[in-house]
Structure formats: structure tokens, C-alpha cells
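Have a look at final-v8.cif below; it lists mmCIF, C-alpha atoms.
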```
data_coords
#
loop_
_atom_site.label_atom_id
_atom_site.label_comp_id
_atom_site.auth_asym_id
_atom_site.auth_seq_id
_atom_site.Cartn_x
_atom_site.Cartn_y
_atom_site.Cartn_z
CA MET N 51 -0.02 22.89 21.73
CA SER N 52 -3.56 23.96 22.71
CA ALA N 53 -6.66 22.66 20.91
CA SER N 54 -7.52 26.19 19.69
CA ALA N 55 -4.06 26.59 18.13
CA VAL N 56 -4.41 23.25 16.32
CA PHE N 57 -7.87 24.31 15.10
CA ILE N 58 -6.53 27.61 13.69
CA LEU N 59 -3.60 25.83 11.97
CA ASP N 60 -6.07 23.39 10.43
CA ILE N 61 -8.22 26.25 9.09
CA LYS N 62 -5.16 28.02 7.66
CA GLY N 63 -4.05 24.82 5.93
CA LYS N 64 -7.48 24.35 4.33
CA VAL N 65 -7.58 27.98 3.12
CA PHE N 66 -4.07 27.75 1.65
CA CYS N 67 -5.03 24.54 -0.19
CA GLU N 68 -7.97 26.38 -1.77
CA TYR N 69 -5.48 28.84 -3.26
CA PHE N 70 -2.44 26.66 -4.03
CA LYS N 71 -4.00 23.15 -4.33
CA GLU N 72 -0.89 21.63 -2.73
CA LEU N 73 0.41 22.97 0.60
CA GLU N 74 4.16 22.54 0.32
CA GLU N 75 7.27 24.58 1.07
CA GLU N 76 7.68 25.48 -2.61
CA SER N 77 4.07 26.65 -3.03
CA ILE N 78 4.34 28.86 0.08
CA ARG N 79 7.56 30.44 -1.27
CA ASP N 80 6.04 31.01 -4.71
CA ASN N 81 2.94 32.63 -3.23
CA PHE N 82 4.48 34.48 -0.30
CA VAL N 83 2.56 37.71 -1.00
CA ILE N 84 -0.79 35.93 -1.03
CA VAL N 85 0.12 33.99 2.14
CA TYR N 86 0.91 37.29 3.85
CA GLU N 87 -2.43 38.80 2.73
CA LEU N 88 -4.36 35.73 3.83
CA LEU N 89 -2.75 35.69 7.27
CA ASP N 90 -3.62 39.38 7.63
CA GLU N 91 -7.30 38.61 6.94
CA LEU N 92 -7.50 35.30 8.82
CA MET N 93 -6.20 36.73 12.11
CA ASP N 94 -6.65 40.07 13.85
CA PHE N 95 -4.61 40.69 17.02
CA GLY N 96 -4.24 36.93 17.39
CA PHE N 97 -7.96 36.19 17.08
CA PRO N 98 -9.70 34.45 14.14
CA GLN N 99 -11.49 36.87 11.82
CA THR N 100 -12.55 35.80 8.32
CA THR N 101 -11.92 32.06 7.94
CA ASP N 102 -14.23 31.09 5.06
CA SER N 103 -12.20 30.53 1.89
CA LYS N 104 -15.12 31.42 -0.41
CA ILE N 105 -15.46 34.84 1.22
CA LEU N 106 -11.70 35.43 1.16
CA GLN N 107 -11.65 34.68 -2.58
CA GLU N 108 -14.03 37.60 -3.16
CA TYR N 109 -11.30 40.13 -2.57
CA ILE N 110 -7.98 38.23 -2.45
CA THR N 111 -7.67 36.89 -6.00
CA GLN N 112 -4.86 34.98 -7.63
CA GLN N 113 -3.43 34.95 -11.14
CA GLY N 114 -0.41 32.74 -11.53
CA ASN N 115 1.84 33.43 -8.57
CA LYS N 116 0.89 37.09 -8.22
CA LEU N 117 -1.80 38.81 -6.23
CA GLU N 118 -4.24 40.64 -8.48
CA THR N 119 -4.43 44.21 -7.23
CA GLY N 120 -7.45 46.43 -7.50
CA LYS N 121 -9.47 48.92 -5.55
CA SER N 122 -9.37 48.21 -1.86
CA ARG N 123 -12.81 47.22 -0.72
CA VAL N 124 -14.37 45.20 2.04
CA PRO N 125 -16.93 42.67 0.75
CA PRO N 126 -20.38 42.99 2.30
CA THR N 127 -20.07 39.50 3.79
CA VAL N 128 -17.27 40.62 6.15
CA THR N 129 -19.37 43.40 7.70
CA ASN N 130 -22.52 41.28 7.55
CA ALA N 131 -23.60 39.13 10.51
CA VAL N 132 -23.55 36.15 8.11
CA SER N 133 -19.91 36.27 7.02
CA TRP N 134 -19.96 32.84 5.33
CA ARG N 135 -22.63 33.65 2.71
CA SER N 136 -22.78 36.32 0.03
CA GLU N 137 -25.98 38.30 -0.55
CA GLY N 138 -27.88 38.37 -3.84
CA LEU N 139 -27.45 34.70 -4.79
CA LYS N 140 -29.98 33.51 -7.37
CA TYR N 141 -30.73 30.05 -8.76
CA LYS N 142 -33.33 28.95 -11.32
CA LYS N 143 -33.83 25.71 -9.41
CA ASN N 144 -33.52 25.79 -5.62
CA GLU N 145 -32.21 22.51 -4.20
CA VAL N 146 -30.36 21.09 -1.19
CA PHE N 147 -28.48 17.79 -1.34
CA ILE N 148 -27.84 16.08 2.01
CA ASP N 149 -25.27 13.29 2.40
CA VAL N 150 -25.25 11.32 5.66
CA ILE N 151 -21.94 9.43 5.64
CA GLU N 152 -20.86 7.01 8.37
CA SER N 153 -17.46 5.33 8.64
CA VAL N 154 -17.11 2.16 10.71
CA ASN N 155 -13.87 1.70 12.66
CA LEU N 156 -13.45 -1.89 13.82
CA LEU N 157 -10.71 -4.06 15.29
CA VAL N 158 -11.31 -7.79 15.86
CA ASN N 159 -8.74 -10.06 17.51
CA ALA N 160 -7.72 -13.51 16.27
CA ASN N 161 -10.32 -15.18 18.54
CA GLY N 162 -13.17 -13.24 16.93
CA SER N 163 -13.72 -10.80 19.82
CA VAL N 164 -14.35 -7.15 18.97
CA LEU N 165 -11.65 -4.99 20.61
CA LEU N 166 -12.63 -1.62 19.12
CA SER N 167 -15.90 -0.51 17.60
CA GLU N 168 -17.04 3.01 16.75
CA ILE N 169 -18.99 4.98 14.16
CA VAL N 170 -17.70 8.32 12.88
CA GLY N 171 -20.37 10.21 10.99
CA SER N 172 -20.74 13.45 9.07
CA ILE N 173 -23.61 15.30 7.42
CA LYS N 174 -22.50 17.15 4.29
CA LEU N 175 -24.62 19.58 2.31
CA LYS N 176 -24.53 20.88 -1.24
CA VAL N 177 -26.66 24.04 -1.28
CA PHE N 178 -28.11 25.77 -4.35
CA LEU N 179 -30.53 28.26 -2.78
CA SER N 180 -31.40 31.84 -3.71
CA GLY N 181 -31.35 34.71 -1.24
CA MET N 182 -30.60 34.32 2.45
CA PRO N 183 -32.64 31.25 3.53
CA GLU N 184 -32.88 29.77 7.00
CA LEU N 185 -32.71 25.97 7.18
CA ARG N 186 -33.89 23.73 9.99
CA LEU N 187 -32.72 20.12 10.07
CA GLY N 188 -34.49 17.47 12.13
CA LEU N 189 -32.80 14.20 13.11
CA ASN N 190 -33.97 11.23 15.19
CA ASP N 191 -31.88 12.59 18.08
CA ARG N 192 -32.57 10.72 21.34
CA VAL N 193 -32.26 13.85 23.52
CA LEU N 194 -34.72 15.70 21.25
CA PHE N 195 -37.17 12.79 21.38
CA GLU N 196 -37.01 12.80 25.19
CA LEU N 197 -37.59 16.57 25.31
CA THR N 198 -40.61 16.38 22.99
CA GLY N 199 -42.07 13.14 24.37
CA LEU N 200 -41.50 11.17 21.14
CA SER N 201 -39.31 8.51 22.73
CA GLY N 202 -40.76 5.03 22.53
CA SER N 203 -40.48 1.69 20.83
CA LYS N 204 -41.97 3.00 17.57
CA ASN N 205 -39.56 5.91 17.28
CA LYS N 206 -35.99 4.69 16.85
CA SER N 207 -33.48 7.28 18.01
CA VAL N 208 -29.71 7.63 18.26
CA GLU N 209 -27.59 9.27 20.95
CA LEU N 210 -24.99 11.47 19.27
CA GLU N 211 -21.59 12.05 20.91
CA ASP N 212 -18.78 14.54 20.21
CA VAL N 213 -21.01 16.62 17.95
CA LYS N 214 -19.19 19.37 16.04
CA PHE N 215 -21.01 21.97 13.94
CA HIS N 216 -20.11 24.35 11.13
CA GLN N 217 -19.92 27.97 12.28
CA CYS N 218 -23.27 28.71 10.60
CA VAL N 219 -25.27 26.66 13.14
CA ARG N 220 -26.95 28.59 15.97
CA LEU N 221 -25.42 26.79 18.92
CA SER N 222 -27.55 28.55 21.55
CA ARG N 223 -30.72 27.24 19.93
CA PHE N 224 -29.31 23.73 19.70
CA ASP N 225 -28.40 23.84 23.39
CA ASN N 226 -31.93 25.02 24.28
CA ASP N 227 -34.18 22.74 22.23
CA ARG N 228 -31.81 20.61 20.03
CA THR N 229 -32.97 22.42 16.87
CA ILE N 230 -30.29 22.55 14.15
CA SER N 231 -31.01 25.97 12.67
CA PHE N 232 -28.66 27.80 10.27
CA ILE N 233 -28.17 30.06 7.27
CA PRO N 234 -26.00 27.88 5.01
CA PRO N 235 -22.92 28.78 2.98
CA ASP N 236 -23.31 28.45 -0.77
CA GLY N 237 -22.18 25.18 -2.36
CA ASP N 238 -20.45 22.30 -0.54
CA PHE N 239 -19.74 22.23 3.19
CA GLU N 240 -19.81 19.89 6.18
CA LEU N 241 -22.70 20.85 8.43
CA MET N 242 -21.79 18.59 11.35
CA SER N 243 -19.81 15.56 12.47
CA TYR N 244 -20.47 13.13 15.28
CA ARG N 245 -19.20 9.93 16.87
CA LEU N 246 -20.90 6.90 18.38
CA SER N 247 -18.95 4.55 20.67
CA THR N 248 -21.24 1.58 20.30
CA GLN N 249 -20.90 -2.15 19.78
CA VAL N 250 -21.18 -2.59 16.02
CA LYS N 251 -21.78 -6.02 14.53
CA PRO N 252 -19.07 -6.47 11.87
CA LEU N 253 -20.79 -5.72 8.56
CA ILE N 254 -18.41 -7.96 6.60
CA TRP N 255 -17.09 -10.89 8.64
CA ILE N 256 -13.85 -12.57 7.62
CA GLU N 257 -12.67 -16.06 8.56
CA SER N 258 -9.22 -17.14 7.43
CA ILE N 259 -7.01 -20.22 7.54
CA ILE N 260 -3.35 -19.69 6.67
CA GLU N 261 -1.26 -22.86 6.48
CA LYS N 262 2.47 -22.52 6.04
CA PHE N 263 4.44 -25.60 4.94
CA SER N 264 8.13 -25.16 5.78
CA HIS N 265 10.47 -24.59 2.79
CA SER N 266 7.63 -25.41 0.44
CA ARG N 267 4.42 -23.38 0.17
CA VAL N 268 1.74 -21.39 1.94
CA GLU N 269 -1.99 -21.96 1.40
CA ILE N 270 -4.62 -19.38 2.32
CA MET N 271 -8.38 -19.80 2.58
CA VAL N 272 -10.55 -16.74 3.23
CA LYS N 273 -14.32 -16.76 3.73
CA ALA N 274 -16.23 -13.46 3.65
CA LYS N 275 -19.82 -13.07 4.84
CA GLY N 276 -22.10 -10.03 4.55
CA GLN N 277 -23.72 -9.49 7.96
CA PHE N 278 -26.01 -6.63 6.95
CA LYS N 279 -29.57 -6.45 5.60
CA LYS N 280 -30.28 -8.69 2.61
CA GLN N 281 -31.81 -5.82 0.65
CA SER N 282 -28.55 -3.84 0.93
CA VAL N 283 -25.47 -4.30 -1.26
CA ALA N 284 -21.84 -3.42 -0.46
CA ASN N 285 -19.99 -1.94 -3.43
CA GLY N 286 -16.28 -1.88 -4.21
CA VAL N 287 -15.33 -4.45 -1.58
CA GLU N 288 -11.56 -4.99 -1.20
CA ILE N 289 -10.17 -7.58 1.22
CA SER N 290 -6.41 -7.29 1.82
CA VAL N 291 -4.84 -10.52 3.08
CA PRO N 292 -1.19 -10.44 4.25
CA VAL N 293 1.27 -13.00 2.83
CA PRO N 294 4.92 -13.78 3.68
CA SER N 295 7.37 -11.29 2.16
CA ASP N 296 9.32 -14.05 0.39
CA ALA N 297 6.28 -15.73 -1.22
CA ASP N 298 6.18 -16.23 -4.99
CA SER N 299 4.35 -18.08 -7.79
CA PRO N 300 0.81 -17.03 -6.75
CA ARG N 301 -2.29 -18.99 -7.80
CA PHE N 302 -5.87 -17.97 -6.94
CA LYS N 303 -9.38 -19.38 -7.02
CA THR N 304 -12.40 -17.25 -6.07
CA SER N 305 -16.14 -17.99 -5.94
CA VAL N 306 -16.77 -14.37 -6.95
CA GLY N 307 -14.68 -11.36 -7.96
CA SER N 308 -10.94 -11.45 -8.64
CA ALA N 309 -7.72 -11.69 -6.63
CA LYS N 310 -4.31 -10.23 -7.35
CA TYR N 311 -0.93 -10.30 -5.63
CA VAL N 312 0.63 -6.95 -4.71
CA PRO N 313 4.27 -7.86 -3.89
CA GLU N 314 5.34 -4.35 -2.87
CA LYS N 315 2.78 -4.47 -0.04
CA ASN N 316 3.01 -8.23 0.64
CA VAL N 317 -0.75 -8.66 0.34
CA VAL N 318 -3.37 -10.39 -1.79
CA ILE N 319 -6.24 -8.05 -2.68
CA TRP N 320 -9.55 -9.80 -3.25
CA SER N 321 -11.91 -7.44 -5.11
CA ILE N 322 -15.68 -7.95 -5.16
CA LYS N 323 -17.65 -5.39 -7.17
CA SER N 324 -21.03 -6.15 -5.59
CA PHE N 325 -21.54 -7.99 -2.27
CA PRO N 326 -25.23 -8.52 -1.24
CA GLY N 327 -26.11 -8.84 2.45
CA GLY N 328 -26.35 -12.39 3.80
CA LYS N 329 -24.10 -13.86 1.09
CA GLU N 330 -20.89 -15.87 1.69
CA TYR N 331 -17.94 -16.05 -0.70
CA LEU N 332 -14.66 -17.97 -0.72
CA MET N 333 -11.14 -17.23 -1.94
CA ARG N 334 -8.21 -19.65 -2.02
CA ALA N 335 -4.59 -18.66 -2.65
CA HIS N 336 -1.47 -20.78 -3.10
CA PHE N 337 2.08 -19.40 -2.90
CA GLY N 338 5.49 -21.01 -3.23
CA LEU N 339 8.15 -20.42 -0.59
CA PRO N 340 11.96 -20.48 -1.10
CA SER N 341 14.02 -23.34 0.35
CA VAL N 342 15.75 -20.85 2.67
CA GLU N 343 12.98 -18.91 4.37
CA LYS N 344 13.24 -15.31 5.50
CA GLU N 345 12.47 -14.84 9.18
CA GLU N 346 9.41 -12.68 9.84
CA VAL N 347 10.52 -10.19 12.49
CA ASP N 348 7.11 -8.63 13.16
CA GLY N 349 3.83 -10.40 13.84
CA ARG N 350 1.42 -11.13 11.03
CA PRO N 351 -0.44 -7.99 9.90
CA PRO N 352 -4.26 -7.96 10.14
CA ILE N 353 -6.69 -8.45 7.26
CA GLY N 354 -8.07 -5.11 6.07
CA VAL N 355 -11.50 -4.58 4.50
CA LYS N 356 -12.80 -1.69 2.39
CA PHE N 357 -16.43 -1.27 1.33
CA GLU N 358 -19.27 1.17 0.76
CA ILE N 359 -22.97 0.44 1.38
CA PRO N 360 -25.39 3.01 -0.12
CA TYR N 361 -28.88 3.77 1.27
CA PHE N 362 -27.87 2.47 4.70
CA THR N 363 -26.59 3.81 8.02
CA VAL N 364 -25.27 1.42 10.63
CA SER N 365 -26.29 3.73 13.52
CA GLY N 366 -29.87 4.16 12.28
CA ILE N 367 -29.63 7.95 12.10
CA GLN N 368 -32.34 9.52 9.93
CA VAL N 369 -33.12 12.95 8.51
CA ARG N 370 -36.73 13.47 9.68
CA TYR N 371 -37.20 16.80 7.91
CA MET N 372 -35.44 19.74 6.28
CA LYS N 373 -37.39 23.01 6.44
CA ILE N 374 -36.30 25.82 4.11
CA ILE N 375 -37.57 29.29 4.99
CA GLU N 376 -36.90 32.30 2.75
CA LYS N 377 -38.71 35.65 2.64
CA SER N 378 -39.62 35.33 -1.06
CA GLY N 379 -41.44 32.09 -0.22
CA TYR N 380 -39.98 29.92 -3.01
CA GLN N 381 -40.30 26.13 -2.97
CA ALA N 382 -37.07 24.14 -2.62
CA LEU N 383 -36.35 20.42 -2.89
CA PRO N 384 -34.19 18.62 -0.29
CA TRP N 385 -32.56 15.34 -1.41
CA VAL N 386 -31.13 12.89 1.15
CA ARG N 387 -28.57 10.13 0.56
CA TYR N 388 -27.21 7.67 3.16
CA ILE N 389 -23.83 5.94 2.88
CA THR N 390 -21.98 3.57 5.22
CA GLN N 391 -18.33 2.92 4.47
CA SER N 392 -15.32 1.27 6.04
CA GLY N 393 -12.99 3.36 8.14
CA ASP N 394 -10.10 1.64 9.90
CA TYR N 395 -11.58 -1.87 9.54
CA GLN N 396 -9.19 -4.66 10.55
CA LEU N 397 -9.41 -8.31 11.62
CA ARG N 398 -6.37 -9.98 13.16
CA THR N 399 -5.30 -13.46 12.11
CA SER N 400 -3.89 -16.23 14.29
#
```
What is this file in C-alpha cells?
Amino acid sequence: MSASAVFILDIKGKVFCEYFKELEEESIRDNFVIVYELLDELMDFGFPQTTDSKILQEYITQQGNKLETGKSRVPPTVTNAVSWRSEGLKYKKNEVFIDVIESVNLLVNANGSVLLSEIVGSIKLKVFLSGMPELRLGLNDRVLFELTGLSGSKNKSVELEDVKFHQCVRLSRFDNDRTISFIPPDGDFELMSYRLSTQVKPLIWIESIIEKFSHSRVEIMVKAKGQFKKQSVANGVEISVPVPSDADSPRFKTSVGSAKYVPEKNVVIWSIKSFPGGKEYLMRAHFGLPSVEKEEVDGRPPIGVKFEIPYFTVSGIQVRYMKIIEKSGYQALPWVRYITQSGDYQLRTS
């Protein structure tokens, strides 16, 4: 299947979920008329037409499982050059909220060597702006810095890869001078996503010793260390440690947080509410084993880590400015928030 076909199927799925909440066989059957109408608007002679769910909801409405009929009309946004934003929007307070979210994917082998390391980032906006404003977003983009002569030791920059933009971004301008210029949709949307294939120092390092005493018990010692800035704090840390499937009678001792046994997943989950950078914590677990042990067919699963670090990006990406230009000349406030979180973050055990 071609990439364009996958992209169109993905868009259709997202639009259907806006209408039915759950995209299942039953919901499609119950809302067949609406599905038919949506497909008619989404595609025209096999080409994408109106793909923004907010615009589609202006004239394809839903009540229960029936399509609400009314006078046939084409909303101005469909004939407008800016099909993703309605005209005449008004807000008492004009604001833009910018979330820069980075997920760290990491795989470390049992010897402590990093096998896979990448950052997957996205910039999400929540827009409450009147009229038809034009926004210009400035990042510490390495290519931009080189074009404008800002590159140097004082100006930290990042080299973005696999950049994907929302349809509102003027791609020709970005290609010319790396300016991210756009007229935004109203409300929530993802402006862009990017990827960085770079060597990332593990933000939370795990060392483990798992000792298995035949027909008797298994003892586990796990040490976790925060390898990020001391002024930063990781929230909602969860460390999942695999245990034998036939283990029982768990006992735990932790220097911080709490540990619990989840038998249906054969793991111990060590939860730490707040984990400051530079700190080290310890967890010990003791399990009994039956006299007749069950053979483990597969190898030992890796240790998984979940976390979220606010006010921090591992790549160093920064929003340098957000300019908001609208013909009425109103003042608007941009707010920026940075978050680094775990993606597929795994450390293998010996």
C-alpha cells in the first residue's frame, strides 16, 4: 500500500473518531449514512478535499445515529483559501498555548551499551485568537542559524530530521528561509513533528541484580539514578521489573516510593512520584519459588521505565519567538511549555 493511501486512511479514521468516538464495525454500521456523507466530502474523484473535522462538523451534523438534515449549503471555509479556519472568530482574551513535547526511545543491552537512541518530538498548539491571524514561529533551528549567520558557540541549535507540518504551514516559505509561517486552525492541533537520531544519555539509569536460588526463592535489587539536571524533577516514574511467572509471596523494601506485584503481567512496578535529577534510589524484592519450577521458554524481558520531566527538552530545542499578526492589531499572549517523557524506554537484564 502506498504512503499516500495510508495517509488518507489515517485521516479518515481520525475524522470518523470525531463523530463516533470509537471506530468499530458496529459504530460504522449504526452511522452508515454519516459515513457515506463524510466519504463524499473527504474525497473528490479520488483526491483529498475537505479533511479538517472541525470544518466538516459545520455542515455534517449528528444527532443520535441520524444525520441532521437542513438546507444544503457550503460553508465559507470550503470555498475559502484557508479551509481549516472559520471566519468571524472572536475572543475576549487572545492567547496561544505552545507545548513542546519530546519522547525518548531508548534500548540498552545487558552490558550497558546503548543499542537504540532517538528523540521523537511534536509541537502542539491551543489557539484562542480572534479574526484571521498570521503566526510566525521561530526555533533554534541549525539550518536557520547557518542561513542568518547566528551559528556559534553562544547560540545552541538543533538539527531537525523528518519534519512534518500541519497543512496550515506555508511549506514554500519554510523551504526558502526556514520561516514557520501559518494561519492556525481554532483550538487544539499539532503544528509539527520531528525526529532526532542522536546519542541520548539515558535520563534514568537502571542497574539490576537478579539472583535466582533453585527451588527456593528469587531476590531482586534495582538501583535507579536520575542522570538529568539537578534542578529538574521527573514525575510519575514507573519502573517495571520482570519476575518469573511462577513466583509468589512477594516482599518489598524501597528507599523511596512504593512497589507492587502485578501477577497478570509478571512484573514488579516500582512507583516514584517525584524523582529529582542526580538522586539515586534503591528497591529490593524477595519472591518465593515452587519446589517444581516452571521452565522459562523465552528470554528474560527488559526493564521498562516511564517518566515525565516538565520544563525540559532533551534535544535542547527552544521556541525563540512567536509573532502574532492580525489586521485589527490586538495584543496576544503566547505561553510555552516544555515536556520530556519516556517513549519506548527499555533496559535489558543479564
- Task: Choose the residue, out of N:Pro384, N:Pro326, N:Gly393, N:Pro252, that has the smallest atom-to-atom separation from Ser153 of chain N; count only C-alpha atoms.
- Result: N:Gly393
- Using all atoms listed in the file, determine which residues lie at most 7 Å from Lys323 of chain N, disregarding the query and same-chain residues fewer than 4 positions distant; provide the list as a PyMOL selection string. chain N and resi 285-287+307
- Task: Would you kindly return, as a PyMOL selection string, each protein, DNA or RNA residue with an atom no farther than 8 Å from any atom of Lys174 of chain N, considering all atoms listed in the file and excluding same-chain residues fewer than 2 positions away?
- Result: chain N and resi 148-151+172+176+238-242
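Between Leu175 of chain N and the candidates N:Glu87, N:Asp236, N:Glu257, N:Asp394, the tightest atom-to-atom separation, counting all atoms listed in the file, involves N:Asp236.
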- Mind telling me what the PyMOL selection byres ((chain N and resi 260-264) around 10) catches here, as JSON, numbers by chain? {"N": [258, 259, 265, 266, 267, 268, 269, 270, 271, 272, 291, 292, 293, 294, 334, 335, 336, 337, 338, 339, 340, 341, 342, 343, 399, 400]}
Residues from last step as file, C-alpha atoms, as a JSON list (two decimals), in the coordinates of the input:
```
[["chain", "number", "residue", "atom", "x", "y", "z"],
["N", 258, "SER", "CA", -9.22, -17.14, 7.43],
["N", 259, "ILE", "CA", -7.01, -20.22, 7.54],
["N", 265, "HIS", "CA", 10.47, -24.59, 2.79],
["N", 266, "SER", "CA", 7.63, -25.41, 0.44],
["N", 267, "ARG", "CA", 4.42, -23.38, 0.17],
["N", 268, "VAL", "CA", 1.74, -21.39, 1.94],
["N", 269, "GLU", "CA", -1.99, -21.96, 1.40],
["N", 270, "ILE", "CA", -4.62, -19.38, 2.32],
["N", 271, "MET", "CA", -8.38, -19.80, 2.58],
["N", 272, "VAL", "CA", -10.55, -16.74, 3.23],
["N", 291, "VAL", "CA", -4.84, -10.52, 3.08],
["N", 292, "PRO", "CA", -1.19, -10.44, 4.25],
["N", 293, "VAL", "CA", 1.27, -13.00, 2.83],
["N", 294, "PRO", "CA", 4.92, -13.78, 3.68],
["N", 334, "ARG", "CA", -8.21, -19.65, -2.02],
["N", 335, "ALA", "CA", -4.59, -18.66, -2.65],
["N", 336, "HIS", "CA", -1.47, -20.78, -3.10],
["N", 337, "PHE", "CA", 2.08, -19.40, -2.90],
["N", 338, "GLY", "CA", 5.49, -21.01, -3.23],
["N", 339, "LEU", "CA", 8.15, -20.42, -0.59],
["N", 340, "PRO", "CA", 11.96, -20.48, -1.10],
["N", 341, "SER", "CA", 14.02, -23.34, 0.35],
["N", 342, "VAL", "CA", 15.75, -20.85, 2.67],
["N", 343, "GLU", "CA", 12.98, -18.91, 4.37],
["N", 399, "THR", "CA", -5.30, -13.46, 12.11],
["N", 400, "SER", "CA", -3.89, -16.23, 14.29]]
```
- Task: Quick one: apply the PyMOL selection byres ((chain N and resi 182) around 10) to the file and drop the selected residues here as a count of residues only.
- Result: 21
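Between atom CA of Pro352 of chain N and atom CA of Glu314 of chain N the separation is 16.6 Å.
Closest approach to Lys143 of chain N among N:Tyr388, N:Phe362, N:Phe357, N:Tyr380: N:Tyr380, based on all atoms listed in the file.
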Around (-20.7, 21.5, 14.0), as given in the file, which residues come within 9 Å? Count only C-alpha atoms and list them as a PDB file with C-alpha atoms, keeping the file's coordinate frame.
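Written out: selection24.pdb:
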```
ATOM      1  CA  VAL N 213     -21.010  16.620  17.950  1.00  0.00           C
ATOM      2  CA  LYS N 214     -19.190  19.370  16.040  1.00  0.00           C
ATOM      3  CA  PHE N 215     -21.010  21.970  13.940  1.00  0.00           C
ATOM      4  CA  HIS N 216     -20.110  24.350  11.130  1.00  0.00           C
ATOM      5  CA  GLN N 217     -19.920  27.970  12.280  1.00  0.00           C
ATOM      6  CA  CYS N 218     -23.270  28.710  10.600  1.00  0.00           C
ATOM      7  CA  VAL N 219     -25.270  26.660  13.140  1.00  0.00           C
ATOM      8  CA  LEU N 221     -25.420  26.790  18.920  1.00  0.00           C
ATOM      9  CA  GLU N 240     -19.810  19.890   6.180  1.00  0.00           C
ATOM     10  CA  LEU N 241     -22.700  20.850   8.430  1.00  0.00           C
ATOM     11  CA  MET N 242     -21.790  18.590  11.350  1.00  0.00           C
ATOM     12  CA  SER N 243     -19.810  15.560  12.470  1.00  0.00           C
ATOM     13  CA  TYR N 244     -20.470  13.130  15.280  1.00  0.00           C
TER      14      TYR N 244
END
```
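Closest to Tyr361 of chain N among N:Ile230, N:Ile84, N:Leu189, N:Ile389 is N:Ile389, based on all atoms listed in the file.
The spacing separating atom CA of Gln368 of chain N from atom CA of Arg223 of chain N amounts to 20.4 Å.
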- Item | Between atom CA of Ser247 of chain N and atom CA of Ser392 of chain N, distance in Å (one decimal) | 15.4 Å
Taking all atoms of segment 256-262 of chain N that appear in the file, build a box with edges along x, y and z, extend it by 3 Å on every side, and state its centre and edge lengths in Å to one decimal, as AutoDock Vina command-line options.
```
--center_x -5.7 --center_y -17.7 --center_z 7.3 --size_x 22.3 --size_y 16.3 --size_z 8.5
```
- Counting all atoms listed in the file, write as a list in words all protein and nucleic acid residues lying at most 9 Å from (-7.3, -12.5, -7.9) in the file's frame. Arg301, Phe302, Lys303, Thr304, Gly307, Ser308, Ala309, Lys310, Tyr311, Val318, Ile319, Trp320, Ser321, Met333 and Ala335 of chain N
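For the file shown, the residue list from the PyMOL selection byres ((chain N and resi 248) around 7) reads Ser167, Glu168, Leu246, Ser247, Gln249 and Val250 of chain N.
Remark: for Val154 of chain N, the closest of the candidate residues N:Ile169, N:Arg192, N:Val83, N:Glu209 is N:Ile169 (distances computed over only C-alpha atoms).
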- Would you mind listing what lies within 8 Å of Phe178 of chain N as a VMD selection string, with only C-alpha atoms counted and same-chain residues fewer than 4 positions away left out? chain N and resid 141 143 to 146 236 to 237
Emit the selected residues as an mmCIF file, in the frame of the given file, including C-alpha atoms.
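Written output follows (result09.cif):
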```cif
data_model
loop_
_atom_site.group_PDB
_atom_site.id
_atom_site.type_symbol
_atom_site.label_atom_id
_atom_site.label_comp_id
_atom_site.auth_asym_id
_atom_site.auth_seq_id
_atom_site.Cartn_x
_atom_site.Cartn_y
_atom_site.Cartn_z
ATOM 1 C CA TYR N 141 -30.730 30.050 -8.760
ATOM 2 C CA LYS N 143 -33.830 25.710 -9.410
ATOM 3 C CA ASN N 144 -33.520 25.790 -5.620
ATOM 4 C CA GLU N 145 -32.210 22.510 -4.200
ATOM 5 C CA VAL N 146 -30.360 21.090 -1.190
ATOM 6 C CA ASP N 236 -23.310 28.450 -0.770
ATOM 7 C CA GLY N 237 -22.180 25.180 -2.360
#
```
